[in-house]
>>> print(open('start33.cif').read())   # mmCIF, C-alpha atoms
data_structure
#
loop_
_atom_site.label_atom_id
_atom_site.label_comp_id
_atom_site.auth_asym_id
_atom_site.auth_seq_id
_atom_site.Cartn_x
_atom_site.Cartn_y
_atom_site.Cartn_z
CA MET A 1 34.95 37.25 46.54
CA SER A 2 37.37 34.99 48.47
CA VAL A 3 38.71 31.69 47.16
CA SER A 4 36.55 29.81 49.67
CA GLU A 5 33.40 31.65 48.64
CA THR A 6 34.18 31.03 44.96
CA VAL A 7 34.76 27.31 45.53
CA VAL A 8 31.47 26.98 47.41
CA LEU A 9 29.60 28.94 44.74
CA LEU A 10 31.03 26.87 41.89
CA SER A 11 30.26 23.64 43.75
CA ARG A 12 26.67 24.74 44.31
CA LYS A 13 26.35 25.57 40.61
CA ARG A 14 27.39 21.98 39.81
CA GLU A 15 24.92 20.39 42.27
CA GLU A 16 22.44 19.12 39.67
CA GLU A 17 25.27 17.74 37.53
CA ILE A 18 26.86 15.97 40.49
CA ARG A 19 23.51 14.44 41.42
CA ALA A 20 22.97 13.26 37.83
CA TRP A 21 26.39 11.63 37.71
CA ARG A 22 25.77 9.89 41.00
CA ARG A 23 22.38 8.56 39.94
CA ALA A 24 23.69 7.28 36.61
CA ILE A 25 26.51 5.45 38.39
CA HIS A 26 24.11 4.13 41.03
CA ARG A 27 21.86 2.55 38.37
CA ARG A 28 24.73 0.58 36.79
CA PRO A 29 27.01 -0.60 39.62
CA GLY A 30 30.19 -2.54 38.90
CA LEU A 31 32.05 -4.89 41.23
CA GLY A 32 35.76 -5.03 41.99
CA MET A 33 37.84 -4.44 38.90
CA ASN A 34 34.76 -4.83 36.69
CA VAL A 35 33.74 -1.17 36.72
CA GLU A 36 33.99 -0.54 33.00
CA GLU A 37 30.66 1.31 32.71
CA THR A 38 31.52 3.67 35.54
CA ALA A 39 35.06 4.18 34.25
CA SER A 40 33.68 5.01 30.80
CA LEU A 41 31.28 7.59 32.25
CA VAL A 42 34.09 9.10 34.32
CA ALA A 43 36.52 9.29 31.39
CA ALA A 44 33.91 10.92 29.13
CA ALA A 45 33.04 13.52 31.77
CA LEU A 46 36.70 14.37 32.39
CA GLU A 47 37.45 14.63 28.67
CA SER A 48 34.55 17.04 28.27
CA MET A 49 36.33 19.27 30.81
CA GLY A 50 39.41 19.35 28.60
CA LEU A 51 41.58 17.32 30.98
CA ASP A 52 44.39 14.94 30.04
CA VAL A 53 42.74 11.56 30.70
CA ARG A 54 44.30 8.10 30.95
CA THR A 55 42.31 4.89 31.34
CA GLY A 56 43.17 1.31 32.24
CA ILE A 57 45.41 2.37 35.13
CA GLY A 58 45.82 -0.50 37.56
CA GLY A 59 43.23 -2.46 35.58
CA THR A 60 40.18 -0.24 35.13
CA GLY A 61 41.27 2.90 36.95
CA VAL A 62 41.00 6.38 35.43
CA VAL A 63 43.38 9.27 36.02
CA ALA A 64 43.08 12.85 34.78
CA LEU A 65 45.63 15.63 35.07
CA LEU A 66 44.90 19.34 35.35
CA GLY A 67 47.77 21.78 34.82
CA SER A 68 51.16 21.50 33.17
CA SER A 69 53.71 22.73 35.71
CA GLY A 70 54.33 23.30 39.39
CA PRO A 71 53.77 21.06 42.41
CA THR A 72 51.28 18.20 42.17
CA VAL A 73 48.56 17.02 44.52
CA ALA A 74 46.01 14.24 44.03
CA LEU A 75 42.37 13.63 44.89
CA ARG A 76 40.97 10.10 44.90
CA ALA A 77 37.55 8.43 44.68
CA ASP A 78 36.61 4.75 44.61
CA MET A 79 34.19 3.43 41.96
CA ASP A 80 33.14 -0.12 42.90
CA ALA A 81 29.91 -1.36 44.46
CA LEU A 82 28.93 -4.31 46.67
CA SER A 83 27.34 -7.69 46.02
CA MET A 84 24.00 -6.84 47.64
CA ARG A 85 20.36 -6.67 46.65
CA GLU A 86 19.17 -3.07 46.90
CA GLU A 87 16.12 -2.28 49.03
CA THR A 88 16.06 1.54 48.91
CA GLY A 89 13.06 1.88 46.61
CA LEU A 90 14.76 4.82 44.90
CA PRO A 91 13.63 5.68 41.35
CA PHE A 92 17.28 5.31 40.29
CA ALA A 93 17.90 2.05 42.16
CA SER A 94 20.33 -0.50 40.80
CA GLU A 95 19.25 -2.07 37.52
CA ILE A 96 21.61 -5.01 38.04
CA GLU A 97 20.29 -7.69 40.38
CA GLY A 98 22.58 -8.46 43.30
CA ARG A 99 24.68 -5.31 42.99
CA MET A 100 24.34 -2.08 44.92
CA HIS A 101 26.28 1.05 45.79
CA ALA A 102 25.75 0.52 49.51
CA CYS A 103 29.00 2.18 50.59
CA GLY A 104 28.63 5.50 48.80
CA HIS A 105 31.31 5.03 46.16
CA ASP A 106 28.87 6.33 43.55
CA ALA A 107 28.69 9.57 45.55
CA HIS A 108 32.48 9.69 45.99
CA THR A 109 32.98 9.40 42.24
CA ALA A 110 30.35 12.04 41.45
CA MET A 111 31.79 14.48 44.00
CA LEU A 112 35.31 14.06 42.59
CA LEU A 113 33.96 14.70 39.10
CA GLY A 114 32.38 17.81 40.55
CA ALA A 115 35.72 18.87 42.04
CA ALA A 116 37.40 18.34 38.66
CA ALA A 117 34.77 20.54 37.03
CA VAL A 118 35.19 23.27 39.66
CA LEU A 119 38.99 23.20 39.47
CA SER A 120 38.92 23.30 35.67
CA GLU A 121 37.43 26.78 35.82
CA GLY A 122 40.62 28.83 35.91
CA TRP A 123 42.57 27.34 38.83
CA GLU A 124 45.22 25.42 36.90
CA GLY A 125 47.91 28.11 37.24
CA ARG A 126 48.58 27.12 40.87
CA GLY A 127 50.10 23.75 39.99
CA ARG A 128 48.93 20.32 38.91
CA ILE A 129 46.07 18.20 40.24
CA LYS A 130 45.58 14.50 39.59
CA PHE A 131 42.07 13.10 39.80
CA VAL A 132 42.34 9.41 40.67
CA PHE A 133 39.31 7.14 40.15
CA GLN A 134 40.06 3.73 41.62
CA PRO A 135 38.39 0.32 41.24
CA ALA A 136 38.22 -2.56 43.72
CA GLU A 137 38.29 -0.74 47.06
CA GLU A 138 35.92 -3.39 48.42
CA CYS A 139 38.24 -6.22 47.37
CA ALA A 140 40.10 -6.78 50.61
CA PRO A 141 42.70 -7.96 51.32
CA THR A 142 44.21 -6.90 47.98
CA GLY A 143 42.26 -3.76 47.01
CA GLY A 144 42.64 -1.67 43.90
CA ALA A 145 45.07 0.99 45.14
CA PRO A 146 48.26 -1.14 44.96
CA ALA A 147 47.74 -1.86 41.25
CA MET A 148 47.28 1.84 40.48
CA ILE A 149 50.40 2.67 42.49
CA ALA A 150 52.33 -0.02 40.61
CA ASP A 151 51.14 1.57 37.37
CA GLY A 152 52.72 4.86 38.43
CA VAL A 153 49.68 6.87 39.47
CA LEU A 154 51.75 8.76 42.07
CA GLU A 155 54.52 9.52 39.59
CA ASP A 156 55.13 11.53 36.40
CA PRO A 157 54.52 14.03 37.91
CA ASP A 158 55.26 13.00 41.48
CA VAL A 159 52.39 13.61 43.92
CA GLY A 160 53.29 15.72 46.94
CA ALA A 161 50.07 15.26 48.94
CA MET A 162 46.70 13.57 48.59
CA ALA A 163 43.12 13.74 49.89
CA ALA A 164 39.99 11.60 49.82
CA LEU A 165 36.65 11.42 51.57
CA HIS A 166 34.03 8.90 52.63
CA VAL A 167 30.35 9.63 53.14
CA TRP A 168 29.52 8.94 56.78
CA PRO A 169 25.95 8.34 58.01
CA GLY A 170 27.13 8.68 61.60
CA LEU A 171 27.44 12.43 60.98
CA GLU A 172 24.68 14.85 59.99
CA THR A 173 24.82 16.52 56.60
CA GLY A 174 26.84 19.71 56.93
CA ARG A 175 29.34 18.19 59.35
CA VAL A 176 32.75 16.76 58.55
CA GLY A 177 34.95 14.51 60.67
CA VAL A 178 38.72 14.13 60.73
CA ARG A 179 41.55 13.15 63.04
CA GLU A 180 45.32 13.12 62.97
CA GLY A 181 46.96 9.70 62.89
CA ALA A 182 45.06 6.47 62.36
CA ILE A 183 41.45 7.04 61.29
CA MET A 184 40.73 3.51 60.02
CA ALA A 185 42.23 0.12 60.84
CA ALA A 186 44.39 -2.51 59.25
CA SER A 187 42.17 -5.11 57.62
CA ASP A 188 43.73 -8.59 57.48
CA ARG A 189 42.27 -11.98 56.66
CA LEU A 190 42.52 -15.35 58.38
CA ASP A 191 41.40 -18.69 56.97
CA LEU A 192 41.45 -21.71 59.27
CA VAL A 193 41.16 -25.29 58.04
CA VAL A 194 40.29 -27.74 60.83
CA ARG A 195 40.97 -31.37 59.89
CA GLY A 196 39.81 -34.56 61.52
CA ARG A 197 38.87 -38.04 60.23
CA SER A 198 35.51 -39.06 58.80
CA ALA A 199 33.45 -41.97 60.05
CA HIS A 200 29.84 -43.10 60.18
CA GLY A 201 27.68 -40.83 62.30
CA SER A 202 26.59 -43.81 64.41
CA MET A 203 30.22 -44.62 65.33
CA PRO A 204 31.92 -41.31 66.19
CA GLU A 205 34.59 -43.14 68.18
CA GLU A 206 36.07 -44.34 64.88
CA GLY A 207 36.61 -40.82 63.58
CA VAL A 208 37.82 -37.41 64.66
CA ASP A 209 34.94 -34.94 64.43
CA ALA A 210 36.15 -31.76 62.73
CA ILE A 211 32.88 -29.98 63.53
CA VAL A 212 33.27 -30.54 67.26
CA ILE A 213 36.91 -29.42 67.06
CA ALA A 214 35.93 -26.33 65.08
CA ALA A 215 33.31 -25.45 67.68
CA GLN A 216 35.96 -25.53 70.39
CA VAL A 217 38.39 -23.53 68.23
CA VAL A 218 35.76 -20.83 67.67
CA SER A 219 35.04 -20.65 71.39
CA ALA A 220 38.71 -20.50 72.35
CA LEU A 221 39.52 -17.78 69.81
CA GLN A 222 36.96 -15.42 71.33
CA SER A 223 39.31 -14.90 74.28
CA VAL A 224 42.42 -14.05 72.26
CA VAL A 225 41.81 -10.31 71.90
CA SER A 226 40.21 -9.84 75.32
CA ARG A 227 43.03 -11.67 77.13
CA SER A 228 46.07 -11.00 74.93
CA VAL A 229 45.63 -7.38 73.86
CA SER A 230 45.72 -4.40 76.20
CA ALA A 231 42.37 -2.71 76.71
CA SER A 232 44.00 0.50 75.47
CA ASP A 233 44.85 -1.08 72.09
CA ALA A 234 41.89 -1.42 69.74
CA ALA A 235 41.64 -4.78 67.95
CA VAL A 236 38.89 -7.06 66.70
CA PHE A 237 38.91 -10.68 65.53
CA SER A 238 35.70 -11.91 63.91
CA LEU A 239 34.82 -15.14 62.15
CA GLY A 240 32.34 -14.66 59.32
CA THR A 241 31.88 -18.09 57.79
CA VAL A 242 31.90 -21.72 58.89
CA ARG A 243 31.72 -24.46 56.28
CA GLY A 244 32.03 -28.17 56.86
CA GLY A 245 30.50 -31.60 56.51
CA CYS A 246 29.03 -33.39 53.53
CA ARG A 247 26.10 -35.43 54.89
CA TYR A 248 23.88 -35.61 57.97
CA ASN A 249 25.17 -39.05 59.07
CA VAL A 250 28.88 -38.63 58.30
CA ILE A 251 31.44 -37.36 60.81
CA ALA A 252 33.02 -34.37 59.09
CA ASP A 253 36.71 -34.57 58.31
CA GLU A 254 37.17 -30.89 57.48
CA VAL A 255 35.74 -27.51 58.49
CA ARG A 256 36.81 -24.19 57.01
CA LEU A 257 36.55 -20.94 58.96
CA GLU A 258 37.00 -17.48 57.45
CA GLY A 259 37.56 -14.36 59.48
CA THR A 260 38.98 -10.88 59.66
CA LEU A 261 41.50 -9.30 61.97
CA ARG A 262 41.37 -5.54 62.57
CA SER A 263 43.98 -3.52 64.45
CA LEU A 264 45.56 -0.07 64.65
CA ASP A 265 48.94 -0.74 66.24
CA ALA A 266 51.75 -2.38 64.22
CA ARG A 267 52.89 -4.44 67.20
CA VAL A 268 49.42 -5.83 67.80
CA ARG A 269 49.00 -6.50 64.09
CA ALA A 270 52.21 -8.56 64.08
CA PHE A 271 51.41 -10.43 67.29
CA LEU A 272 47.78 -11.50 66.86
CA PRO A 273 48.11 -13.91 63.90
CA GLU A 274 50.77 -15.88 65.77
CA LYS A 275 48.64 -16.02 68.91
CA ILE A 276 45.50 -17.04 67.01
CA GLY A 277 47.42 -19.75 65.18
CA ALA A 278 48.89 -21.14 68.39
CA VAL A 279 45.49 -21.31 70.09
CA ALA A 280 43.73 -22.88 67.09
CA ARG A 281 46.42 -25.49 66.51
CA GLY A 282 46.67 -26.26 70.21
CA VAL A 283 42.95 -26.93 70.58
CA ALA A 284 42.81 -29.05 67.43
CA THR A 285 45.84 -31.13 68.38
CA ALA A 286 44.52 -31.74 71.89
CA MET A 287 41.32 -33.15 70.35
CA GLY A 288 43.11 -35.47 67.93
CA GLY A 289 42.97 -33.30 64.80
CA ASP A 290 44.96 -30.41 63.37
CA CYS A 291 44.38 -26.90 62.13
CA GLU A 292 46.01 -25.11 59.23
CA VAL A 293 46.18 -21.32 59.66
CA LEU A 294 46.38 -19.14 56.56
CA TYR A 295 47.02 -15.46 57.25
CA GLU A 296 46.97 -12.73 54.61
CA ARG A 297 47.96 -9.16 55.36
CA GLY A 298 45.49 -6.78 53.79
CA TYR A 299 44.98 -3.04 54.06
CA PRO A 300 47.30 -1.23 56.47
CA PRO A 301 45.83 1.35 58.85
CA THR A 302 44.74 4.57 57.17
CA VAL A 303 46.98 7.17 58.79
CA ASN A 304 46.39 10.90 58.35
CA ASP A 305 49.42 13.19 58.16
CA GLY A 306 49.43 15.85 60.88
CA ALA A 307 50.38 18.76 58.61
CA VAL A 308 47.78 17.86 55.99
CA VAL A 309 45.09 17.43 58.66
CA ALA A 310 45.90 20.87 60.10
CA LEU A 311 45.57 22.37 56.63
CA PHE A 312 42.31 20.51 55.99
CA ARG A 313 40.81 21.77 59.24
CA ARG A 314 41.35 25.34 58.07
CA VAL A 315 39.79 24.55 54.70
CA ALA A 316 36.72 22.96 56.30
CA ALA A 317 36.29 25.86 58.72
CA ASP A 318 36.53 28.38 55.86
CA LEU A 319 34.09 26.51 53.63
CA LEU A 320 31.52 25.20 56.09
CA GLY A 321 32.15 27.22 59.23
CA PRO A 322 34.11 26.20 62.37
CA ALA A 323 31.06 24.54 63.94
CA ALA A 324 30.87 22.02 61.09
CA LEU A 325 34.19 20.41 61.95
CA GLU A 326 34.09 17.40 64.25
CA GLU A 327 37.21 15.89 65.77
CA ILE A 328 36.95 12.11 65.60
CA ALA A 329 37.85 10.81 69.05
CA ARG A 330 38.34 7.17 68.12
CA PRO A 331 39.18 5.60 64.76
CA THR A 332 36.86 3.03 63.29
CA LEU A 333 38.07 -0.54 62.86
CA GLY A 334 36.75 -0.59 59.31
CA GLY A 335 39.39 -0.91 56.61
CA GLU A 336 40.07 1.38 53.64
CA ASP A 337 42.57 0.87 50.85
CA PHE A 338 43.27 4.60 50.57
CA SER A 339 45.77 3.55 53.25
CA PHE A 340 48.14 2.37 50.52
CA PHE A 341 48.23 5.89 49.07
CA ALA A 342 48.64 7.43 52.53
CA GLU A 343 51.68 5.22 53.13
CA LYS A 344 53.36 6.77 50.08
CA VAL A 345 52.49 10.49 50.34
CA PRO A 346 51.23 12.81 53.12
CA SER A 347 47.45 12.50 53.04
CA VAL A 348 44.14 13.29 54.66
CA PHE A 349 41.11 11.00 54.63
CA PHE A 350 37.98 12.61 56.05
CA TRP A 351 34.37 11.69 56.75
CA LEU A 352 31.55 13.65 55.14
CA GLY A 353 28.27 13.72 57.03
CA CYS A 354 25.41 12.41 54.88
CA ARG A 355 22.50 11.90 57.29
CA PRO A 356 19.67 14.43 57.02
CA ALA A 357 19.14 16.43 60.19
CA SER A 358 15.56 15.16 60.29
CA ALA A 359 16.66 11.50 60.31
CA ASP A 360 17.00 9.45 63.48
CA GLY A 361 20.65 8.61 63.95
CA ALA A 362 19.76 5.32 65.63
CA THR A 363 17.72 4.01 62.70
CA PHE A 364 19.23 5.71 59.63
CA PRO A 365 20.64 2.91 57.43
CA PRO A 366 24.40 2.51 57.90
CA LEU A 367 27.07 1.75 55.31
CA HIS A 368 26.79 -1.71 53.71
CA ASN A 369 23.06 -1.76 54.39
CA ALA A 370 20.59 -2.62 51.61
CA ARG A 371 18.66 0.59 52.35
CA PHE A 372 21.63 2.95 52.59
CA ALA A 373 20.98 6.22 50.72
CA PRO A 374 23.20 9.23 51.51
CA ASP A 375 21.68 12.69 51.61
CA GLU A 376 22.28 14.31 48.22
CA ALA A 377 22.52 17.71 49.90
CA ALA A 378 25.96 16.62 51.13
CA PHE A 379 27.38 16.27 47.62
CA PRO A 380 28.21 19.92 46.82
CA LEU A 381 29.80 20.16 50.27
CA GLY A 382 32.07 17.20 49.52
CA THR A 383 32.94 18.66 46.15
CA ALA A 384 33.87 22.00 47.73
CA LEU A 385 35.99 20.31 50.41
CA LEU A 386 37.93 18.27 47.85
CA ALA A 387 38.51 21.27 45.58
CA GLY A 388 39.38 23.61 48.44
CA THR A 389 41.81 21.13 49.97
CA ALA A 390 43.60 20.65 46.64
CA LEU A 391 44.01 24.41 46.22
CA LYS A 392 45.25 24.91 49.78
CA LEU A 393 47.75 22.06 49.40
CA LEU A 394 49.09 23.60 46.20
CA ASP A 395 49.42 26.98 47.91
CA ARG A 396 51.44 25.41 50.73
CA LEU A 397 53.70 23.52 48.33
CA ASN A 398 54.25 26.66 46.26
CA GLU A 399 55.06 28.79 49.30
CA GLU A 400 57.21 26.40 51.29
CA GLY A 401 58.19 23.63 48.90
CA SER A 402 56.93 20.95 51.27
CA LEU A 403 54.27 20.30 53.87
#
>>> encode(input="start33.cif", output="structure tokens")
Amino acid sequence: MSVSETVVLLSRKREEEIRAWRRAIHRRPGLGMNVEETASLVAAALESMGLDVRTGIGGTGVVALLGSSGPTVALRADMDALSMREETGLPFASEIEGRMHACGHDAHTAMLLGAAAVLSEGWEGRGRIKFVFQPAEECAPTGGAPAMIADGVLEDPDVGAMAALHVWPGLETGRVGVREGAIMAASDRLDLVVRGRSAHGSMPEEGVDAIVIAAQVVSALQSVVSRSVSASDAAVFSLGTVRGGCRYNVIADEVRLEGTLRSLDARVRAFLPEKIGAVARGVATAMGGDCEVLYERGYPPTVNDGAVVALFRRVAADLLGPAALEEIARPTLGGEDFSFFAEKVPSVFFWLGCRPASADGATFPPLHNARFAPDEAAFPLGTALLAGTALKLLDRLNEEGSL
């Protein structure tokens, strides 16, 4: 039996266990760094496999090491949920009001536990594998990856390559998507504070209406990307909140706007905040007020290493068949803090199809939807892909010393 066939067989044997882990995590979702219940479940499962387990990495992260010598690769999963009220109707739906695993991190964690179980069955002689379970992926613009990196997760032993996945409802179960280069975007944050001068609502001429200024700022900013960024460079600027005013008959003296800036190109990422600030301040000043622009750089683009992607394509073709592999033509402008790991070591981040073939792609609930429920049939496939990629990376590092 080939390595690929063995990995698939062992992953299939763990299917019920992977599903049970996922459902237990789904019932008790944690937010941000507050994922203690999930981290405890993860640590206990890893310890039962006989792995060297460390907790509290980067806050509430968990890391396990398999093997004692040779090159080292890492696999990563995120553990945190979203502040949402679940509407799936599943028998294992969230038991905590206002929290839900609507982005599939429960599945990511369960699949990585499955990969750890598969790889613990006699594969450790090839080298060392770190299993990285990270909190706070949803906490842009900071994220949880930088704290784990600062705590040395990529060191002692040094990681030579890394892989991670994300369930993807845009792809049918049994398909996997990947691309070389940027696969997800930089995710930055902009806060705008428009200031005017309050007055009685019956005498607007005595004040400077921050709400009216803010309305013009919002309108003007909609043209920044369309008129300042080349059509061949993907970028998005979106405002998500508007807050201002204190009473129906008082001219507002302050309005706060919160938004996100997404881009793929470093030049565009550097240019847009300056342009947005100039437009917002210019409009506000022309109308007698002012605008403070607060810009915070968040997640960088998630960039896949060419050599690791080429290796992953071979793994996916061996495990699932060549027809299962889908080349992603265009990156998404969603952000992902795996990007911080990918900046440090050659990495691959891939999308795992999780939409049943019988489901309508146009109506199947997307990520961050209150009814999102990935197909559990995808889980052993994700486990096999993670395990197979780790083994293939170790083989390459053993044979050639580098990627």
>>> residues_around(input="start33.cif", residues="segment 310-315 of chain A", least_positions_apart="6", cutoff="8 Å", atoms="all atoms listed in the file", output="number ranges by chain")
A: 4, 325, 348, 385, 388-389, 392-393
>>> resolve_selection(input="start33.cif", expression="the PyMOL selection byres ((chain A and resi 122) around 12)", output="PDB file with C-alpha atoms, keeping the file's coordinate frame")
ATOM      1  CA  VAL A   3      38.710  31.690  47.160  1.00  0.00           C
ATOM      2  CA  THR A   6      34.180  31.030  44.960  1.00  0.00           C
ATOM      3  CA  VAL A   7      34.760  27.310  45.530  1.00  0.00           C
ATOM      4  CA  LEU A  10      31.030  26.870  41.890  1.00  0.00           C
ATOM      5  CA  MET A  49      36.330  19.270  30.810  1.00  0.00           C
ATOM      6  CA  LEU A  66      44.900  19.340  35.350  1.00  0.00           C
ATOM      7  CA  GLY A  67      47.770  21.780  34.820  1.00  0.00           C
ATOM      8  CA  ALA A 116      37.400  18.340  38.660  1.00  0.00           C
ATOM      9  CA  ALA A 117      34.770  20.540  37.030  1.00  0.00           C
ATOM     10  CA  VAL A 118      35.190  23.270  39.660  1.00  0.00           C
ATOM     11  CA  LEU A 119      38.990  23.200  39.470  1.00  0.00           C
ATOM     12  CA  SER A 120      38.920  23.300  35.670  1.00  0.00           C
ATOM     13  CA  GLU A 121      37.430  26.780  35.820  1.00  0.00           C
ATOM     14  CA  TRP A 123      42.570  27.340  38.830  1.00  0.00           C
ATOM     15  CA  GLU A 124      45.220  25.420  36.900  1.00  0.00           C
ATOM     16  CA  GLY A 125      47.910  28.110  37.240  1.00  0.00           C
ATOM     17  CA  ARG A 126      48.580  27.120  40.870  1.00  0.00           C
ATOM     18  CA  GLY A 127      50.100  23.750  39.990  1.00  0.00           C
ATOM     19  CA  LEU A 391      44.010  24.410  46.220  1.00  0.00           C
TER      20      LEU A 391
END
>>> closest_atom_pairs(input="start33.cif", of="segment 20-93 of chain A", to="segment 356-371 of chain A", cutoff="6 Å", atoms="only C-alpha atoms", output="CSV")
residue,atom,partner,partner_atom,distance
A:Glu86,CA,A:Ala370,CA,4.9
A:Glu87,CA,A:Arg371,CA,5.1
A:Thr88,CA,A:Arg371,CA,4.4
>>> resolve_selection(input="start33.cif", expression="the PyMOL selection byres ((chain A and resi 16) around 12)", output="list in words")
Leu10, Ser11, Arg12, Lys13, Arg14, Glu15, Glu17, Ile18, Arg19, Ala20, Trp21, Arg22, Arg23, Ala110, Met111, Gly114, Glu376, Ala377, Phe379 and Pro380 of chain A
>>> resolve_selection(input="start33.cif", expression="the PyMOL selection byres ((chain A and resi 257-270) around 9)", output="number ranges by chain")
A: 182-194, 214, 218, 229, 233-244, 255-256, 271-274, 300-302, 331, 333-335
>>> residues_around(input="start33.cif", residues="Asp375 of chain A", least_positions_apart="2", cutoff="6 Å", atoms="all atoms listed in the file", output="PyMOL selection string")
chain A and resi 354-355+377-378
>>> closest_residue(input="start33.cif", among="A:Ile129, A:Ala329, A:Val345, A:Cys291", to="Ser402 of chain A", atoms="only C-alpha atoms")
A:Val345
>>> atom_distance(input="start33.cif", atom1="atom CA of Val225 of chain A", atom2="atom CA of Met287 of chain A")
22.9 Å
>>> closest_residue(input="start33.cif", among="A:Asp156, A:Ser198, A:Leu65, A:Ile328", to="Glu47 of chain A", atoms="all atoms listed in the file")
A:Leu65
>>> closest_residue(input="start33.cif", among="A:Ser69, A:Thr383, A:Asn249, A:Thr38", to="Leu319 of chain A", atoms="only C-alpha atoms")
A:Thr383
>>> closest_residue(input="start33.cif", among="A:Arg54, A:Arg99, A:Arg247, A:His166", to="Asp337 of chain A", atoms="only C-alpha atoms")
A:His166
>>> atom_distance(input="start33.cif", atom1="atom CA of Ser83 of chain A", atom2="atom CA of Leu41 of chain A")
20.9 Å
>>> atom_distance(input="start33.cif", atom1="atom CA of Arg197 of chain A", atom2="atom CA of Ser223 of chain A")
27.1 Å
>>> closest_atom_pairs(input="start33.cif", of="segment 262-353 of chain A", to="segment 167-170 of chain A", cutoff="12 Å", atoms="only C-alpha atoms", output="Markdown table")
| residue | atom | partner | partner_atom | distance |
| --- | --- | --- | --- | --- |
| A:Glu326 | CA | A:Gly170 | CA | 11.5 |
| A:Ile328 | CA | A:Gly170 | CA | 11.1 |
| A:Thr332 | CA | A:Gly170 | CA | 11.4 |
| A:Phe349 | CA | A:Val167 | CA | 10.9 |
| A:Phe350 | CA | A:Val167 | CA | 8.7 |
| A:Trp351 | CA | A:Trp168 | CA | 5.6 |
| A:Leu352 | CA | A:Val167 | CA | 4.6 |
| A:Gly353 | CA | A:Trp168 | CA | 4.9 |
>>> axis_aligned_box(input="start33.cif", around="segment 133-144 of chain A", padding_each_side="8 Å", output="lines of an AutoDock Vina configuration file")
center_x = 40.1
center_y = -0.4
center_z = 45.7
size_x = 24.3
size_y = 31.1
size_z = 27.2
>>> build_atoms(input="start33.cif", residues="segment 311-322 of chain A", atoms="N, CA and C atoms", output="compact mmCIF listing (two decimals), in the coordinates of the input")
# COMPACT_ATOMS: atom_id res chain seq x y z
N LEU A 311 45.98 21.57 57.79
CA LEU A 311 45.57 22.37 56.63
C LEU A 311 44.11 22.11 56.28
N PHE A 312 43.70 20.84 56.32
CA PHE A 312 42.31 20.51 55.99
C PHE A 312 41.33 21.14 56.99
N ARG A 313 41.70 21.16 58.25
CA ARG A 313 40.81 21.77 59.24
C ARG A 313 40.53 23.23 58.89
N ARG A 314 41.55 23.94 58.45
CA ARG A 314 41.35 25.34 58.07
C ARG A 314 40.45 25.45 56.84
N VAL A 315 40.64 24.55 55.89
CA VAL A 315 39.79 24.55 54.70
C VAL A 315 38.33 24.31 55.09
N ALA A 316 38.09 23.29 55.91
CA ALA A 316 36.72 22.96 56.30
C ALA A 316 36.07 24.10 57.07
N ALA A 317 36.84 24.73 57.96
CA ALA A 317 36.29 25.86 58.72
C ALA A 317 35.95 27.03 57.80
N ASP A 318 36.79 27.28 56.80
CA ASP A 318 36.53 28.38 55.86
C ASP A 318 35.31 28.11 54.99
N LEU A 319 35.17 26.85 54.56
CA LEU A 319 34.09 26.51 53.63
C LEU A 319 32.75 26.30 54.31
N LEU A 320 32.77 25.61 55.45
CA LEU A 320 31.52 25.20 56.09
C LEU A 320 31.26 25.89 57.42
N GLY A 321 32.27 26.60 57.93
CA GLY A 321 32.15 27.22 59.23
C GLY A 321 32.80 26.36 60.30
N PRO A 322 33.41 26.97 61.33
CA PRO A 322 34.11 26.20 62.37
C PRO A 322 33.23 25.16 63.07
